[in-house]
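Scroll down for the structure; my scribbles are underneath it.
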Amino acid sequence: MADLPVSIRSVPYQPPSPCTDMTLNSDNRPSLHSVSSTAFSPGRVNDVEAGPGEAEKRRRPLTTLRTTLQEPAAEFIGTLVLVLLGTAVDCQVVLSASTNVATSQKGSYLSISFGWGIATALGVWIAIGASGGHLNPAVSLVLALYRKFPARKLPVFVASQVLGAFTGSLISFCLYHRAIVIFEGGTLTTPGTSGLFTTFPLSYVSTASCFFTEFVGTAILVLVVFAVTDTRKQALPLLAIPFVLFVTVTGIGASIGMQTSYAINPARDLGPRLMTAIFYGREVFTYRNHYWIWTPILGPIVGAVVGATIYETILVAPDP
């Protein structure tokens, strides 16, 4: 047998692989064209057909949606945790005073002060990395006034905070509903047990005194917030801020919280007040000539603005 040409002998036969596509040349002879095996991987056909840029374009709306929702979600969840744990400690301490609810009282007023301080720290800890951990419309407002927080975000932040407070108080109410009914003797009353969730003043304290209490408490809170987040001096590490807020809120509650239940946060009062209106009726809003407007809403807002102004005009660190 005659020798085959070297060019033919040197090329071994290779059968078609599953990842090849057989087409015909112009002279009707088969020709093998290699196709990447990824084209046959599940879920990848469209990517190959469309090109790598198209796949990225399809993922972009999901990334944009996640980025858009991250800050409101953080404020919602952080405020939910704050109000859930805070109102739950109110329920546990107060309701357990009844022997029909518990054999002995579970805590004291100091427990409430510590409980709200811990609730604040945990809520801020959860949200601080994603949204800054405001959890308070008064804080968001003064950050927009003095710390370059975008004012366009204010409505979304405030709505998220109020909704988070509403949801947190609703969960707390559900957890303690049976104990509340037993404590109240079957009829829910205002202030009564509605004051476990939203804030009401002591009967002898005037509205002016209540306003001033909330004003002072919130001014102190904002002074501390501005001091520990001032990047013009040696500000605290990010994760140390919740501990400082724990000390601050605990101190405010233990010292000036008795007369008004120290809302120092419009969302912390308005969200639960909306929740209690469902179960307790409209009296939670009409009590003492709409007390809720003047004290737990306007008091913290005015106090926050004054506190921030004092810090930025008197206590701000000088430029290096």
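Residues in the structure tokens are named by chain (A, B, ... in the order shown) and by number from 1 within that chain; ligands are numbered from 1 in the order shown.
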### Task
Fewer than 5 positions away in the same chain doesn't count, so skip those; otherwise give me all residues within 9 Å of range 109-115 of chain A, counting only C-alpha atoms, as a list in words.
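Skipping anything fewer than 5 positions along the chain leaves Leu85, Gly86, Thr87, Ala88, Val89, Asp90, Val93, Thr120, Phe246, Val247, Val249, Thr250, Gly251, Ile252, Gly253, Ala254, Gly257 and Met258 of chain A.
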Which residues of range 91-121 of chain A come within 9 Å of range 169-192 of chain A, and what is each one's closest atom pair and distance in Å (one decimal), counting only C-alpha atoms, sorted by chain and residue number, as a tab-separated table?
```
residue	atom	partner	partner_atom	distance
A:Cys91	CA	A:Tyr176	CA	7.0
A:Gln92	CA	A:Tyr176	CA	8.2
A:Leu95	CA	A:Phe183	CA	6.4
A:Ser96	CA	A:Ala179	CA	8.5
A:Ser98	CA	A:Phe183	CA	6.6
A:Asn100	CA	A:Ile182	CA	6.9
A:Val101	CA	A:Ala179	CA	6.0
```
### Message
Just to confirm, what's the straight-line distance from CA of Ser131 in chain A to CA of Arg268 in chain A in Å (one decimal)?
### Response
17.8 Å
Near range 136-157 of chain A, 6 Å: range 213-305 of chain A residue rows, closest pairs, only C-alpha atoms, as a Markdown table:
```
| residue | atom | partner | partner_atom | distance |
| --- | --- | --- | --- | --- |
| A:Asn265 | CA | A:Asn136 | CA | 5.4 |
| A:Ile301 | CA | A:Ala138 | CA | 5.0 |
| A:Ala304 | CA | A:Ala138 | CA | 5.9 |
| A:Val305 | CA | A:Val142 | CA | 5.9 |
```
Quick one: residues within 8 Å of Pro201 in chain A, only C-alpha atoms counted, chain neighbours fewer than 6 positions away excluded, as an mmCIF file with N, CA, C and O atoms, in the first residue's frame?
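As written to disk, selection-v7.cif reads:
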```cif
data_model
loop_
_atom_site.group_PDB
_atom_site.id
_atom_site.type_symbol
_atom_site.label_atom_id
_atom_site.label_comp_id
_atom_site.auth_asym_id
_atom_site.auth_seq_id
_atom_site.Cartn_x
_atom_site.Cartn_y
_atom_site.Cartn_z
ATOM 1 N N CYS A 210 -44.447 69.157 80.337
ATOM 2 C CA CYS A 210 -44.211 67.956 79.535
ATOM 3 C C CYS A 210 -43.403 68.297 78.280
ATOM 4 O O CYS A 210 -42.446 67.591 77.923
ATOM 5 N N GLN A 259 -42.063 61.734 84.183
ATOM 6 C CA GLN A 259 -43.232 62.595 83.970
ATOM 7 C C GLN A 259 -43.907 62.391 82.613
ATOM 8 O O GLN A 259 -45.123 62.546 82.501
ATOM 9 N N THR A 260 -43.132 62.047 81.586
ATOM 10 C CA THR A 260 -43.694 61.942 80.232
ATOM 11 C C THR A 260 -43.449 60.597 79.573
ATOM 12 O O THR A 260 -43.869 60.372 78.433
ATOM 13 N N SER A 261 -42.736 59.696 80.241
ATOM 14 C CA SER A 261 -42.308 58.413 79.657
ATOM 15 C C SER A 261 -41.267 58.599 78.565
ATOM 16 O O SER A 261 -41.054 57.706 77.747
#
```
### Residue among A:Phe285, A:Trp125, A:Tyr204, A:Trp116 lying closest to Glu75 in chain A, counting only C-alpha atoms
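The closest residue to Glu75 in chain A is A:Trp125.
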### Message
Let me make sure I understand: among A:Leu62, A:Val225, A:Val216, A:Leu84, which one has the smallest atom-to-atom distance to Val306 in chain A if we use only C-alpha atoms?
### Response
A:Val216
### Message
Just checking: using only C-alpha atoms, which residue out of A:Ala119, A:Ile241, A:Ala130, A:Ala208 ends up closest to Arg66 in chain A?
### Response
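Going through A:Ala119, A:Ile241, A:Ala130, A:Ala208 one by one, the smallest distance to Arg66 in chain A is for A:Ala130.
Proximity to Phe243 in chain A at 9 Å, evaluated using only C-alpha atoms and with sequence-adjacent residues fewer than 3 positions away removed, yields Gly117, Ile118, Ala121, Leu122, Trp125, Leu239, Ala240, Phe246, Val247 and Thr248 of chain A.
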### Message
From the options A:Gly164, A:Gly129, A:Gly123, A:Gly271, which residue's atoms come nearest to Ile297 in chain A, counting only C-alpha atoms?
### Response
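Of all the options, A:Gly271 lies closest to Ile297 in chain A.
Our summary of the geometry notes that CA of Ala74 in chain A is positioned 22.1 Å from CA of Thr218 in chain A.
Among the candidates A:Val162, A:Pro296, A:Ser255, A:Gln234, the residue lying nearest to Phe211 in chain A is A:Pro296 (atoms considered: only C-alpha atoms).
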#### Entry: Atomic separation - CA of Thr276 in chain A relative to CA of Val94 in chain A, Å
17.1 Å
### Query
range 131-221 of chain A: which residues are alpha helix (DSSP H) by DSSP, as a ChimeraX atom specification?
/A:131,137-146,154-175,177-184,207-221
